Amino acid sequence: MTATLTYETAEDWFDAIAKGESADISPLPLAAEALGESQDALRKKLKKGTIPQIVIGDTIHLPVSYVTEELRRHRRALETLKVALEKVARDQKTIFYGELMEMIGMSWQSPPDRSRIGVLLGEILDWSYDTHGIFLTSIVHRKSAAPTHPGPGYFPLVAAWKEEDDDVDYDPDADEHEMLNRHMKAVWDHYRKS
């Protein structure tokens, strides 16, 4: 169970703040937006007691310190994944989700971790296309019989880029494996030069 600070009334909470207690709050909708999670997901965590909370009267808030630490952790994970994927690309290889997840303390067996890795990889896909015109996450594959391929979120993200940029190599009627091979080749060619 994580820490819970409880104040009977808003006045009690204001008194605590005035005394210098660390009880800065983030309302649930704001925390959910910042963390990229649904309010329901945060409510479940609060109910399970897996994240800290500040209760003022009948209203539950998240401590600002929790939200900022989670944002820092997200940025560190994002940077770790970018560096790892760029190394894999320079080595002209692919990597499995599980291997990548282990690097940032996640487990492929955990549904919340699988959701979180999808969010992180979506951000990397956007960054890599926006910055280099390639889909760096095309080299992240599910462990399966050959030929391996990215998870189900990959092509919808590429399709979303196609809506923004007609030059994106995406055709819903084309063979996905051939398209994926072109995406991976573009990544390997880009990183072979760097």
# chains A, B, ... in the order shown; residues from 1 in each chain; ligands from 1

$ residues_around --residues "Val67 of chain A" --least-positions-apart "4" --cutoff "12 Å" --atoms "only C-alpha atoms" --output "VMD selection string"
chain A and resid 24 to 37 42 51 to 53 61 to 63 71 to 74

$ write_last_selection --atoms "C-alpha atoms" --output "short mmCIF file (atom, residue, chain, number, x, y, z; two decimals), in the first residue's frame"
data_model
loop_
_atom_site.label_atom_id
_atom_site.label_comp_id
_atom_site.auth_asym_id
_atom_site.auth_seq_id
_atom_site.Cartn_x
_atom_site.Cartn_y
_atom_site.Cartn_z
CA ASP A 24 0.60 19.77 -3.64
CA ILE A 25 -2.17 18.12 -5.62
CA SER A 26 -2.97 17.30 -9.19
CA PRO A 27 -6.64 16.78 -9.99
CA LEU A 28 -7.30 13.38 -11.56
CA PRO A 29 -8.25 14.71 -15.04
CA LEU A 30 -5.06 16.78 -15.23
CA ALA A 31 -2.89 13.90 -14.00
CA ALA A 32 -4.52 11.51 -16.48
CA GLU A 33 -3.84 13.88 -19.37
CA ALA A 34 -0.22 14.46 -18.33
CA LEU A 35 0.44 10.75 -17.85
CA GLY A 36 -1.38 9.63 -20.98
CA GLU A 37 -3.64 7.33 -18.96
CA LEU A 42 -5.78 5.90 -12.44
CA ILE A 51 -0.14 4.82 -6.24
CA PRO A 52 -0.07 7.59 -3.60
CA GLN A 53 -3.08 9.79 -3.03
CA HIS A 61 -6.13 13.75 -5.88
CA LEU A 62 -2.71 12.63 -6.95
CA PRO A 63 0.38 14.21 -5.40
CA LEU A 71 6.80 11.94 -16.25
CA ARG A 72 10.54 11.81 -15.53
CA ARG A 73 10.44 8.01 -15.59
CA HIS A 74 8.59 8.10 -18.92
#

$ residues_around --residues "segment 54-56 of chain A" --least-positions-apart "3" --cutoff "7 Å" --atoms "only C-alpha atoms" --output "ChimeraX atom specification"
/A:4-10,13,59-63

$ closest_residue --among "A:Lys193, A:Leu120, A:His183, A:Asp165" --to "Ile104 of chain A" --atoms "only C-alpha atoms"
A:Leu120

$ atom_distance --atom1 "atom CA of Leu136 of chain A" --atom2 "atom CA of Pro156 of chain A"
14.9 Å

$ residues_around --residues "Ile124 of chain A" --least-positions-apart "4" --cutoff "12 Å" --atoms "only C-alpha atoms" --output "CSV table (one decimal) with C-alpha atoms, in the first residue's frame"
chain,number,residue,atom,x,y,z
A,75,ARG,CA,11.2,10.5,-20.4
A,77,ALA,CA,12.4,5.1,-20.6
A,78,LEU,CA,11.8,6.9,-23.9
A,79,GLU,CA,15.5,8.0,-24.2
A,80,THR,CA,16.7,4.5,-23.2
A,81,LEU,CA,14.5,2.9,-25.9
A,82,LYS,CA,15.6,5.5,-28.6
A,83,VAL,CA,19.3,4.8,-27.9
A,84,ALA,CA,18.7,1.0,-27.9
A,85,LEU,CA,16.7,1.1,-31.1
A,86,GLU,CA,19.3,3.3,-32.8
A,117,ILE,CA,5.5,0.0,-24.3
A,118,GLY,CA,3.0,0.6,-27.1
A,119,VAL,CA,2.7,4.3,-26.0
A,120,LEU,CA,6.4,4.7,-25.9
A,128,SER,CA,11.6,9.1,-36.0
A,129,TYR,CA,9.3,10.0,-38.9
A,130,ASP,CA,9.1,13.6,-38.0
A,131,THR,CA,12.9,13.9,-37.5
A,132,HIS,CA,14.3,11.4,-40.1
A,134,ILE,CA,11.7,6.7,-41.2
A,135,PHE,CA,9.8,4.4,-38.9
A,136,LEU,CA,12.4,3.3,-36.4
A,137,THR,CA,10.0,1.1,-34.6
A,138,SER,CA,9.6,-1.1,-37.7
A,139,ILE,CA,12.5,-3.1,-36.4
A,140,VAL,CA,10.7,-4.0,-33.1
A,154,TYR,CA,2.3,-0.4,-36.0
A,157,LEU,CA,0.3,4.5,-36.7

$ residues_around --residues "Gln92 of chain A" --least-positions-apart "5" --cutoff "9 Å" --atoms "only C-alpha atoms" --output "ChimeraX atom specification"
/A:87,184-185,187-189,191-192

$ write_last_selection --atoms "N, CA and C atoms" --output "PDB file, in the first residue's frame"
ATOM      1  N   LYS A  87      20.928   1.728 -31.822  1.00  0.00           N
ATOM      2  CA  LYS A  87      22.037   0.764 -31.866  1.00  0.00           C
ATOM      3  C   LYS A  87      21.630  -0.463 -32.681  1.00  0.00           C
ATOM      4  N   MET A 184      11.855  -1.242 -42.916  1.00  0.00           N
ATOM      5  CA  MET A 184      13.076  -1.666 -42.219  1.00  0.00           C
ATOM      6  C   MET A 184      14.320  -1.296 -43.027  1.00  0.00           C
ATOM      7  N   LYS A 185      14.267  -1.492 -44.335  1.00  0.00           N
ATOM      8  CA  LYS A 185      15.412  -1.134 -45.182  1.00  0.00           C
ATOM      9  C   LYS A 185      15.722   0.353 -45.066  1.00  0.00           C
ATOM     10  N   VAL A 187      15.166   2.261 -42.511  1.00  0.00           N
ATOM     11  CA  VAL A 187      15.788   2.465 -41.201  1.00  0.00           C
ATOM     12  C   VAL A 187      17.258   2.043 -41.248  1.00  0.00           C
ATOM     13  N   TRP A 188      17.526   0.856 -41.745  1.00  0.00           N
ATOM     14  CA  TRP A 188      18.899   0.351 -41.793  1.00  0.00           C
ATOM     15  C   TRP A 188      19.777   1.215 -42.701  1.00  0.00           C
ATOM     16  N   ASP A 189      19.231   1.658 -43.833  1.00  0.00           N
ATOM     17  CA  ASP A 189      20.004   2.544 -44.711  1.00  0.00           C
ATOM     18  C   ASP A 189      20.325   3.862 -43.999  1.00  0.00           C
ATOM     19  N   TYR A 191      20.627   4.459 -40.755  1.00  0.00           N
ATOM     20  CA  TYR A 191      21.589   4.291 -39.665  1.00  0.00           C
ATOM     21  C   TYR A 191      22.918   3.726 -40.128  1.00  0.00           C
ATOM     22  N   ARG A 192      22.959   3.134 -41.324  1.00  0.00           N
ATOM     23  CA  ARG A 192      24.236   2.697 -41.879  1.00  0.00           C
ATOM     24  C   ARG A 192      25.093   3.928 -42.195  1.00  0.00           C
TER      25      ARG A 192
END

$ select_by_dssp --residues "segment 92-169 of chain A" --states "strand (DSSP E)" --output "list of chain:residue names"
A:Ile95, A:Phe96, A:Val140, A:His141

$ closest_residue --among "A:Phe96, A:Phe155, A:Trp108, A:Trp161" --to "Asp126 of chain A" --atoms "only C-alpha atoms"
A:Trp161

$ closest_residue --among "A:Ser115, A:Leu46, A:Arg90, A:Ala159" --to "His190 of chain A" --atoms "only C-alpha atoms"
A:Arg90

$ select_by_dssp --residues "segment 112-151 of chain A" --states "alpha helix (DSSP H)" --output "MDAnalysis selection string"
chainID A and resid 112:132

$ closest_residue --among "A:Pro150, A:Gly105, A:Lys45, A:Ala160" --to "Met179 of chain A" --atoms "only C-alpha atoms"
A:Pro150

$ closest_residue --among "A:Gly57, A:Lys44, A:Gln109, A:Val158" --to "Leu125 of chain A" --atoms "only C-alpha atoms"
A:Val158

$ atom_distance --atom1 "atom CA of His149 of chain A" --atom2 "atom CA of Ala174 of chain A"
15.4 Å
